[in-house]
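Here is the structure we will look at.
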Amino acid sequence: MGDVRALAAELDLRPTKRLGQNFVHDANTVRRIVRLAEVGADDVVLEVGPGLGSLTLPLLEAARAVVAVEIDPVLADRLPATAAERAPGRDLRVVTADALRIGPGDLPLAPDVLVANLPYNVAVPVVLNLLAALPGLRRGLVMVQSEVAERLAARPGERAYGAPSVKLAWYADARRAGPVPRAVFWPVPGVDSGLVGFTRHDRQDGAGTDDTRGADREDVFAVVDAAFAQRRKSLRAALAGWAGSAPAAEAVLRAAGVDPGARGEALDVAAFTAIAREGRHAPTP
C-alpha cells in the first residue's frame, strides 16, 4: 500500500472516477491474477490500464514481454522507470492510447494473452474491441466489477445473461475465476470485483462451431442488440423493428428453427447466428 501511495504522491496523482482509477495494492492479489492467467515465459501479455504498475511487475517476471496500454500520459511516462527499478532487464513496451480504439497496427508486439484490471465503466467494450481487433489474442483474465463478471460469463437462461454474454461467446468461452475483495484497491471502490477468464474459439473469426459459421459478426450483434433491448418481450415482438415487422420476424425465426415466442435470454450464440443468417436471406418487407 505504501508503494502505491508513494508513487501517487510523487506524481501528484489523484485517482479519478472518470478514468476508473482504482489501483491494486495487494501483492497476493496480483500474484494470484498472474497465476490464474497461466502466464508463461513465451507469452506476450497485453495489459490495459497498468496504472502505477502493481500488476505490471509480476507480469514482467512471468512473461516474455508486456505491452501496457495506458490512457493517462502521466502514468504512461512513469511506468518504464518503475519497471526499470523493480523488474530490470524485462521487456516492457508502453503505449499511450485508449484501449477502445486500439488496432493491431498500434502495438509494437502482437500479444497472445490479455491480463488487466479494467476500468469498470468501459470493461465490456474494451474486451470486445480487443478480441475483434487482435485475432492473435488467444486467452485472457480480466478484473471487472462483479456484476459485469456475472454478465460476461453467464449462460443462456441465467439471470445475468444478456448481450455482453452472447457477444463474448461469439469470440470465446468465458468462465468466472473468483471474487476480488474491495480492500485490495486504493481508493476502495464502492462495488465488488470479480475475475473473468476466457479462451478464444479455434476459429479466428470467433465462430467456434459449425453452427456459427457463415455469418457476419455485425449482423449477429445487430440481432443480439435488438433482442435484449426489449428482453421482456418475445423474440417475435423484440425483433419486429430489425426484421421490418412482427410477421417478418416470425418468418425468420421459424426458418432459423427458433420459437417466435421465446425470449432472447433463452438463446445461445449459435441460435442468434442462425437468426442473422436467415435474416440476410429473407425477402425485403
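Following the order of the C-alpha cells, first chain is A, next is B, and so on, with residues numbered from 1 inside each chain and ligands from 1 in the order they appear.
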
Counting only C-alpha atoms, which residues in stretch 165-249 of chain A sit no more than 8 Å from stretch 123-132 of chain A? For each one, give the nearest pair of atoms and the distance in Å, sorted by chain then residue number, as CSV.
residue,atom,partner,partner_atom,distance
A:Lys167,CA,A:Leu128,CA,7.5
A:Leu168,CA,A:Leu128,CA,6.7
A:Tyr171,CA,A:Leu131,CA,7.0

Output file for the selection above: C-alpha atoms, as a CSV table (one decimal), in the first residue's frame:
chain,number,residue,atom,x,y,z
A,167,LYS,CA,-21.1,-11.2,-27.8
A,168,LEU,CA,-18.2,-12.6,-25.7
A,171,TYR,CA,-15.3,-15.0,-29.7

DSSP-assigned alpha helix (DSSP H) members of stretch 21-104 of chain A, reported as a ChimeraX atom specification
/A:27-36,56-62,73-86

Using atom CA of A:Glu147 and atom CA of A:Asn117 as the two end points, give the distance in Å to one decimal.
14.8 Å

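The interatomic distance for the pair atom CA of A:Ala266 and atom CA of A:Gln145 works out to 24.2 Å.
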
Go through stretch 89-206 of chain A residue by residue and, counting only C-alpha atoms, keep those with an atom at most 10 Å from stretch 215-225 of chain A; for each kept residue give the shortest atom pair and its distance in Å to one decimal, ordered by chain and increasing number, as JSON lines.
{"residue": "A:Ala132", "atom": "CA", "partner": "A:Arg217", "partner_atom": "CA", "distance": 9.5}
{"residue": "A:Gly162", "atom": "CA", "partner": "A:Val224", "partner_atom": "CA", "distance": 8.5}
{"residue": "A:Ala163", "atom": "CA", "partner": "A:Val224", "partner_atom": "CA", "distance": 6.0}
{"residue": "A:Pro164", "atom": "CA", "partner": "A:Val224", "partner_atom": "CA", "distance": 9.2}
{"residue": "A:Val166", "atom": "CA", "partner": "A:Val224", "partner_atom": "CA", "distance": 7.4}
{"residue": "A:Lys167", "atom": "CA", "partner": "A:Phe221", "partner_atom": "CA", "distance": 6.9}
{"residue": "A:Trp170", "atom": "CA", "partner": "A:Arg217", "partner_atom": "CA", "distance": 8.1}
{"residue": "A:Tyr171", "atom": "CA", "partner": "A:Arg217", "partner_atom": "CA", "distance": 9.8}
{"residue": "A:Asp205", "atom": "CA", "partner": "A:Arg217", "partner_atom": "CA", "distance": 8.3}
{"residue": "A:Gly206", "atom": "CA", "partner": "A:Arg217", "partner_atom": "CA", "distance": 8.4}

Got time to write the residues from that selection, C-alpha atoms, as a short mmCIF file (atom, residue, chain, number, x, y, z; two decimals), in the first residue's frame?
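Written file, selection_38.cif:
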data_model
loop_
_atom_site.label_atom_id
_atom_site.label_comp_id
_atom_site.auth_asym_id
_atom_site.auth_seq_id
_atom_site.Cartn_x
_atom_site.Cartn_y
_atom_site.Cartn_z
CA ALA A 132 -12.19 -8.07 -32.61
CA GLY A 162 -27.58 -10.67 -21.86
CA ALA A 163 -25.95 -9.02 -24.85
CA PRO A 164 -22.43 -8.95 -23.31
CA VAL A 166 -23.61 -13.52 -26.21
CA LYS A 167 -21.06 -11.19 -27.77
CA TRP A 170 -19.06 -15.22 -30.24
CA TYR A 171 -15.30 -14.98 -29.69
CA ASP A 205 -13.40 -15.10 -36.80
CA GLY A 206 -14.86 -16.01 -33.43
#

Would you mind writing down, as a count of residues only, each residue of stretch 106-145 of chain A that DSSP on the backbone assigns to strand (DSSP E)?
12

For A:Leu59, please output as a PyMOL selection string all residues within 9 Å (counting only C-alpha atoms; exclusion window: fewer than 2 positions along the same chain).
chain A and resi 30-31+34+39+45+47+55-57+61-63+65-66+115

Exercise: A:Ala37 partners within 12 Å, only C-alpha atoms, chain neighbours under 2 positions left out, as a PDB file with N, CA and C atoms, in the first residue's frame:
ATOM      1  N   VAL A  30      -2.211  -9.641  -6.912  1.00  0.00           N
ATOM      2  CA  VAL A  30      -1.614  -9.586  -8.246  1.00  0.00           C
ATOM      3  C   VAL A  30      -0.906 -10.900  -8.582  1.00  0.00           C
ATOM      4  N   ARG A  31      -0.304 -11.536  -7.590  1.00  0.00           N
ATOM      5  CA  ARG A  31       0.313 -12.846  -7.849  1.00  0.00           C
ATOM      6  C   ARG A  31      -0.750 -13.878  -8.207  1.00  0.00           C
ATOM      7  N   ARG A  32      -1.887 -13.800  -7.532  1.00  0.00           N
ATOM      8  CA  ARG A  32      -2.998 -14.711  -7.833  1.00  0.00           C
ATOM      9  C   ARG A  32      -3.496 -14.508  -9.261  1.00  0.00           C
ATOM     10  N   ILE A  33      -3.611 -13.260  -9.698  1.00  0.00           N
ATOM     11  CA  ILE A  33      -4.073 -12.971 -11.049  1.00  0.00           C
ATOM     12  C   ILE A  33      -3.114 -13.556 -12.080  1.00  0.00           C
ATOM     13  N   VAL A  34      -1.830 -13.363 -11.890  1.00  0.00           N
ATOM     14  CA  VAL A  34      -0.836 -13.892 -12.829  1.00  0.00           C
ATOM     15  C   VAL A  34      -0.890 -15.413 -12.868  1.00  0.00           C
ATOM     16  N   ARG A  35      -1.078 -16.004 -11.700  1.00  0.00           N
ATOM     17  CA  ARG A  35      -1.155 -17.474 -11.641  1.00  0.00           C
ATOM     18  C   ARG A  35      -2.397 -17.996 -12.355  1.00  0.00           C
ATOM     19  N   VAL A  39       0.182 -17.253 -17.143  1.00  0.00           N
ATOM     20  CA  VAL A  39       1.166 -16.561 -17.973  1.00  0.00           C
ATOM     21  C   VAL A  39       2.466 -17.350 -17.969  1.00  0.00           C
ATOM     22  N   GLY A  40       2.990 -17.598 -19.168  1.00  0.00           N
ATOM     23  CA  GLY A  40       4.217 -18.368 -19.302  1.00  0.00           C
ATOM     24  C   GLY A  40       5.344 -17.581 -19.932  1.00  0.00           C
ATOM     25  N   ASP A  43       4.896 -16.041 -23.447  1.00  0.00           N
ATOM     26  CA  ASP A  43       3.732 -15.193 -23.711  1.00  0.00           C
ATOM     27  C   ASP A  43       4.093 -13.721 -23.845  1.00  0.00           C
ATOM     28  N   VAL A  45       2.101 -10.465 -23.148  1.00  0.00           N
ATOM     29  CA  VAL A  45       0.892 -10.087 -22.418  1.00  0.00           C
ATOM     30  C   VAL A  45       0.500  -8.657 -22.765  1.00  0.00           C
ATOM     31  N   LEU A  46      -0.782  -8.467 -23.018  1.00  0.00           N
ATOM     32  CA  LEU A  46      -1.347  -7.132 -23.168  1.00  0.00           C
ATOM     33  C   LEU A  46      -2.001  -6.755 -21.844  1.00  0.00           C
ATOM     34  N   GLU A  47      -1.529  -5.667 -21.251  1.00  0.00           N
ATOM     35  CA  GLU A  47      -2.147  -5.146 -20.030  1.00  0.00           C
ATOM     36  C   GLU A  47      -2.778  -3.801 -20.349  1.00  0.00           C
ATOM     37  N   PRO A  58       4.727  -8.170 -11.663  1.00  0.00           N
ATOM     38  CA  PRO A  58       4.711  -9.634 -11.693  1.00  0.00           C
ATOM     39  C   PRO A  58       4.460 -10.217 -13.079  1.00  0.00           C
ATOM     40  N   LEU A  59       3.738  -9.492 -13.924  1.00  0.00           N
ATOM     41  CA  LEU A  59       3.563  -9.942 -15.310  1.00  0.00           C
ATOM     42  C   LEU A  59       4.909  -9.952 -16.040  1.00  0.00           C
ATOM     43  N   ALA A  62       6.915 -12.981 -15.233  1.00  0.00           N
ATOM     44  CA  ALA A  62       6.397 -14.264 -15.727  1.00  0.00           C
ATOM     45  C   ALA A  62       6.420 -14.388 -17.237  1.00  0.00           C
ATOM     46  N   ALA A  63       6.297 -13.270 -17.961  1.00  0.00           N
ATOM     47  CA  ALA A  63       6.080 -13.304 -19.406  1.00  0.00           C
ATOM     48  C   ALA A  63       7.362 -13.002 -20.182  1.00  0.00           C
ATOM     49  N   ASP A 112      -0.621 -12.318 -27.143  1.00  0.00           N
ATOM     50  CA  ASP A 112      -1.460 -13.516 -27.194  1.00  0.00           C
ATOM     51  C   ASP A 112      -2.283 -13.710 -25.925  1.00  0.00           C
ATOM     52  N   VAL A 113      -2.026 -12.900 -24.885  1.00  0.00           N
ATOM     53  CA  VAL A 113      -2.754 -13.007 -23.620  1.00  0.00           C
ATOM     54  C   VAL A 113      -3.128 -11.606 -23.145  1.00  0.00           C
ATOM     55  N   LEU A 114      -4.364 -11.451 -22.699  1.00  0.00           N
ATOM     56  CA  LEU A 114      -4.813 -10.206 -22.075  1.00  0.00           C
ATOM     57  C   LEU A 114      -4.928 -10.432 -20.571  1.00  0.00           C
ATOM     58  N   VAL A 115      -4.265  -9.588 -19.796  1.00  0.00           N
ATOM     59  CA  VAL A 115      -4.395  -9.623 -18.336  1.00  0.00           C
ATOM     60  C   VAL A 115      -4.536  -8.182 -17.881  1.00  0.00           C
ATOM     61  N   ALA A 116      -5.634  -7.854 -17.209  1.00  0.00           N
ATOM     62  CA  ALA A 116      -5.867  -6.442 -16.922  1.00  0.00           C
ATOM     63  C   ALA A 116      -6.850  -6.236 -15.786  1.00  0.00           C
ATOM     64  N   ARG A 138      -5.329 -15.003 -27.719  1.00  0.00           N
ATOM     65  CA  ARG A 138      -5.891 -16.340 -27.569  1.00  0.00           C
ATOM     66  C   ARG A 138      -6.640 -16.564 -26.258  1.00  0.00           C
ATOM     67  N   ARG A 139      -6.238 -15.875 -25.222  1.00  0.00           N
ATOM     68  CA  ARG A 139      -6.902 -16.070 -23.935  1.00  0.00           C
ATOM     69  C   ARG A 139      -6.702 -14.833 -23.072  1.00  0.00           C
ATOM     70  N   GLY A 140      -7.392 -14.801 -21.938  1.00  0.00           N
ATOM     71  CA  GLY A 140      -7.261 -13.636 -21.085  1.00  0.00           C
ATOM     72  C   GLY A 140      -7.861 -13.849 -19.710  1.00  0.00           C
ATOM     73  N   LEU A 141      -7.501 -12.947 -18.821  1.00  0.00           N
ATOM     74  CA  LEU A 141      -8.080 -12.893 -17.481  1.00  0.00           C
ATOM     75  C   LEU A 141      -8.200 -11.425 -17.114  1.00  0.00           C
ATOM     76  N   VAL A 142      -9.427 -10.981 -16.860  1.00  0.00           N
ATOM     77  CA  VAL A 142      -9.643  -9.568 -16.555  1.00  0.00           C
ATOM     78  C   VAL A 142     -10.364  -9.424 -15.229  1.00  0.00           C
ATOM     79  N   MET A 143     -10.026  -8.347 -14.533  1.00  0.00           N
ATOM     80  CA  MET A 143     -10.701  -7.997 -13.293  1.00  0.00           C
ATOM     81  C   MET A 143     -11.683  -6.883 -13.601  1.00  0.00           C
ATOM     82  N   ARG A 175     -15.451 -17.860 -18.333  1.00  0.00           N
ATOM     83  CA  ARG A 175     -15.667 -18.523 -17.049  1.00  0.00           C
ATOM     84  C   ARG A 175     -15.413 -17.521 -15.918  1.00  0.00           C
ATOM     85  N   ALA A 177     -13.702 -16.636 -12.508  1.00  0.00           N
ATOM     86  CA  ALA A 177     -12.435 -17.110 -11.940  1.00  0.00           C
ATOM     87  C   ALA A 177     -12.244 -16.653 -10.503  1.00  0.00           C
ATOM     88  N   LEU A 195     -13.103 -11.798 -11.175  1.00  0.00           N
ATOM     89  CA  LEU A 195     -12.222 -12.176 -12.274  1.00  0.00           C
ATOM     90  C   LEU A 195     -12.995 -12.996 -13.298  1.00  0.00           C
ATOM     91  N   VAL A 196     -12.746 -12.699 -14.569  1.00  0.00           N
ATOM     92  CA  VAL A 196     -13.331 -13.460 -15.670  1.00  0.00           C
ATOM     93  C   VAL A 196     -12.192 -13.924 -16.579  1.00  0.00           C
ATOM     94  N   GLY A 197     -12.168 -15.217 -16.858  1.00  0.00           N
ATOM     95  CA  GLY A 197     -11.198 -15.751 -17.798  1.00  0.00           C
ATOM     96  C   GLY A 197     -11.896 -16.135 -19.089  1.00  0.00           C
ATOM     97  N   PHE A 198     -11.154 -16.116 -20.181  1.00  0.00           N
ATOM     98  CA  PHE A 198     -11.734 -16.553 -21.458  1.00  0.00           C
ATOM     99  C   PHE A 198     -10.667 -17.210 -22.314  1.00  0.00           C
ATOM    100  N   THR A 199     -11.122 -18.118 -23.177  1.00  0.00           N
ATOM    101  CA  THR A 199     -10.260 -18.787 -24.150  1.00  0.00           C
ATOM    102  C   THR A 199     -10.933 -18.674 -25.502  1.00  0.00           C
TER     103      THR A 199
END

If we count only C-alpha atoms, what is near A:Ser54 at a cut-off of 9 Å, once residues fewer than 5 positions away on the same chain are taken out, given as a PyMOL selection string?
chain A and resi 4+23-27+30

Write a file of the selected residues as an mmCIF file, in the first residue's frame, keeping N, CA and C atoms.
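Okay, this is what ended up in out.cif:
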data_model
loop_
_atom_site.group_PDB
_atom_site.id
_atom_site.type_symbol
_atom_site.label_atom_id
_atom_site.label_comp_id
_atom_site.auth_asym_id
_atom_site.auth_seq_id
_atom_site.Cartn_x
_atom_site.Cartn_y
_atom_site.Cartn_z
ATOM 1 N N VAL A 4 2.283 2.186 -3.511
ATOM 2 C CA VAL A 4 1.278 2.790 -4.382
ATOM 3 C C VAL A 4 1.046 4.247 -3.997
ATOM 4 N N PHE A 23 -6.464 1.446 -7.962
ATOM 5 C CA PHE A 23 -5.211 0.726 -8.118
ATOM 6 C C PHE A 23 -5.104 -0.434 -7.126
ATOM 7 N N VAL A 24 -4.676 -1.591 -7.600
ATOM 8 C CA VAL A 24 -4.477 -2.749 -6.726
ATOM 9 C C VAL A 24 -3.166 -2.570 -5.974
ATOM 10 N N HIS A 25 -3.234 -2.725 -4.659
ATOM 11 C CA HIS A 25 -2.015 -2.553 -3.861
ATOM 12 C C HIS A 25 -1.604 -3.828 -3.127
ATOM 13 N N ASP A 26 -2.372 -4.891 -3.267
ATOM 14 C CA ASP A 26 -2.107 -6.121 -2.513
ATOM 15 C C ASP A 26 -1.276 -7.093 -3.349
ATOM 16 N N ALA A 27 -0.098 -7.455 -2.851
ATOM 17 C CA ALA A 27 0.816 -8.326 -3.596
ATOM 18 C C ALA A 27 0.234 -9.714 -3.817
ATOM 19 N N VAL A 30 -2.211 -9.641 -6.912
ATOM 20 C CA VAL A 30 -1.614 -9.586 -8.246
ATOM 21 C C VAL A 30 -0.906 -10.900 -8.582
#

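Residue neighbourhood of A:Ala248, excluding near-sequence residues (fewer than 2 positions): Leu235, Arg236, Ala237, Ala238, Leu239, Ala240, Gly241, Trp242, Ala243, Gly244, Ser245, Ala246, Glu250, Ala251, Val252, Leu253, Arg254, Ala255, Pro260, Ile275, Glu278, Gly279, His281, Ala282, Pro283, Thr284 and Pro285 of chain A, at 12 Å, using only C-alpha atoms.
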
How would the residues just chosen look if you wrote them out with N, CA and C atoms as a JSON list (two decimals), in the first residue's frame?
[["chain", "number", "residue", "atom", "x", "y", "z"],
["A", 235, "LEU", "N", -39.35, -12.85, -28.86],
["A", 235, "LEU", "CA", -38.48, -12.51, -29.99],
["A", 235, "LEU", "C", -39.29, -11.99, -31.18],
["A", 236, "ARG", "N", -40.48, -12.52, -31.37],
["A", 236, "ARG", "CA", -41.33, -12.04, -32.47],
["A", 236, "ARG", "C", -41.55, -10.53, -32.35],
["A", 237, "ALA", "N", -41.80, -10.06, -31.14],
["A", 237, "ALA", "CA", -42.03, -8.64, -30.91],
["A", 237, "ALA", "C", -40.72, -7.85, -30.85],
["A", 238, "ALA", "N", -39.74, -8.41, -30.16],
["A", 238, "ALA", "CA", -38.48, -7.68, -29.98],
["A", 238, "ALA", "C", -37.74, -7.46, -31.29],
["A", 239, "LEU", "N", -37.89, -8.41, -32.22],
["A", 239, "LEU", "CA", -37.15, -8.32, -33.49],
["A", 239, "LEU", "C", -37.98, -7.71, -34.62],
["A", 240, "ALA", "N", -39.16, -7.20, -34.28],
["A", 240, "ALA", "CA", -40.04, -6.64, -35.32],
["A", 240, "ALA", "C", -39.37, -5.47, -36.04],
["A", 241, "GLY", "N", -38.74, -4.58, -35.28],
["A", 241, "GLY", "CA", -38.06, -3.45, -35.90],
["A", 241, "GLY", "C", -36.89, -3.89, -36.75],
["A", 242, "TRP", "N", -36.14, -4.86, -36.27],
["A", 242, "TRP", "CA", -34.98, -5.37, -37.02],
["A", 242, "TRP", "C", -35.41, -6.03, -38.32],
["A", 243, "ALA", "N", -36.49, -6.80, -38.27],
["A", 243, "ALA", "CA", -36.93, -7.56, -39.45],
["A", 243, "ALA", "C", -37.84, -6.74, -40.36],
["A", 244, "GLY", "N", -38.42, -5.68, -39.85],
["A", 244, "GLY", "CA", -39.33, -4.86, -40.65],
["A", 244, "GLY", "C", -40.77, -4.95, -40.21],
["A", 245, "SER", "N", -41.11, -6.04, -39.53],
["A", 245, "SER", "CA", -42.46, -6.22, -38.99],
["A", 245, "SER", "C", -42.45, -7.46, -38.12],
["A", 246, "ALA", "N", -43.47, -7.60, -37.28],
["A", 246, "ALA", "CA", -43.57, -8.79, -36.44],
["A", 246, "ALA", "C", -43.77, -10.06, -37.28],
["A", 250, "GLU", "N", -41.25, -13.28, -37.31],
["A", 250, "GLU", "CA", -41.69, -14.65, -37.05],
["A", 250, "GLU", "C", -41.23, -15.59, -38.17],
["A", 251, "ALA", "N", -41.32, -15.14, -39.40],
["A", 251, "ALA", "CA", -40.90, -15.98, -40.52],
["A", 251, "ALA", "C", -39.41, -16.30, -40.44],
["A", 252, "VAL", "N", -38.60, -15.29, -40.10],
["A", 252, "VAL", "CA", -37.16, -15.52, -39.98],
["A", 252, "VAL", "C", -36.86, -16.47, -38.83],
["A", 253, "LEU", "N", -37.54, -16.27, -37.71],
["A", 253, "LEU", "CA", -37.32, -17.12, -36.54],
["A", 253, "LEU", "C", -37.67, -18.57, -36.84],
["A", 254, "ARG", "N", -38.78, -18.77, -37.49],
["A", 254, "ARG", "CA", -39.18, -20.15, -37.81],
["A", 254, "ARG", "C", -38.18, -20.79, -38.79],
["A", 255, "ALA", "N", -37.72, -20.00, -39.75],
["A", 255, "ALA", "CA", -36.73, -20.52, -40.70],
["A", 255, "ALA", "C", -35.43, -20.88, -39.99],
["A", 260, "PRO", "N", -40.77, -18.39, -32.05],
["A", 260, "PRO", "CA", -41.03, -16.95, -32.03],
["A", 260, "PRO", "C", -41.49, -16.43, -30.67],
["A", 275, "ILE", "N", -30.42, -16.92, -36.70],
["A", 275, "ILE", "CA", -31.40, -15.87, -36.99],
["A", 275, "ILE", "C", -30.80, -14.84, -37.94],
["A", 278, "GLU", "N", -30.51, -16.29, -41.47],
["A", 278, "GLU", "CA", -31.81, -16.36, -42.16],
["A", 278, "GLU", "C", -32.31, -14.96, -42.50],
["A", 279, "GLY", "N", -32.01, -13.99, -41.63],
["A", 279, "GLY", "CA", -32.45, -12.62, -41.88],
["A", 279, "GLY", "C", -31.83, -12.04, -43.14],
["A", 281, "HIS", "N", -31.25, -13.61, -45.80],
["A", 281, "HIS", "CA", -31.88, -14.22, -46.98],
["A", 281, "HIS", "C", -33.37, -13.94, -47.06],
["A", 282, "ALA", "N", -33.90, -13.29, -46.03],
["A", 282, "ALA", "CA", -35.35, -13.02, -46.02],
["A", 282, "ALA", "C", -35.71, -11.97, -47.06],
["A", 283, "PRO", "N", -36.89, -12.06, -47.64],
["A", 283, "PRO", "CA", -37.33, -11.03, -48.61],
["A", 283, "PRO", "C", -37.52, -9.70, -47.92],
["A", 284, "THR", "N", -37.27, -8.61, -48.62],
["A", 284, "THR", "CA", -37.45, -7.28, -48.06],
["A", 284, "THR", "C", -38.93, -7.01, -47.85],
["A", 285, "PRO", "N", -39.33, -6.61, -46.64],
["A", 285, "PRO", "CA", -40.76, -6.37, -46.38],
["A", 285, "PRO", "C", -41.28, -5.17, -47.14]]

Restricting the calculation to only C-alpha atoms, which member of A:Leu152, A:Ala262, A:Ala110, A:Leu79 is positioned closest to A:Arg64?
A:Ala110

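With distances restricted to only C-alpha atoms, A:Gly264 is the closest residue to A:Tyr161 from A:Pro88, A:Pro108, A:Gly103, A:Gly264.
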
Compile the contact shell of A:Ser193 as a VMD selection string: residues with an atom at most 8 Å away, counting only C-alpha atoms, same-chain residues fewer than 3 positions apart removed.
chain A and resid 143 to 147 149 179 to 182

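Of note, atom CA of A:Glu150 and atom CA of A:Ser165 are spaced 8.7 Å apart.
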
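Using only C-alpha atoms, the smallest distance between any of A:Arg159, A:Ile71, A:Val44, A:Ser234 and A:Leu100 comes from A:Ile71.
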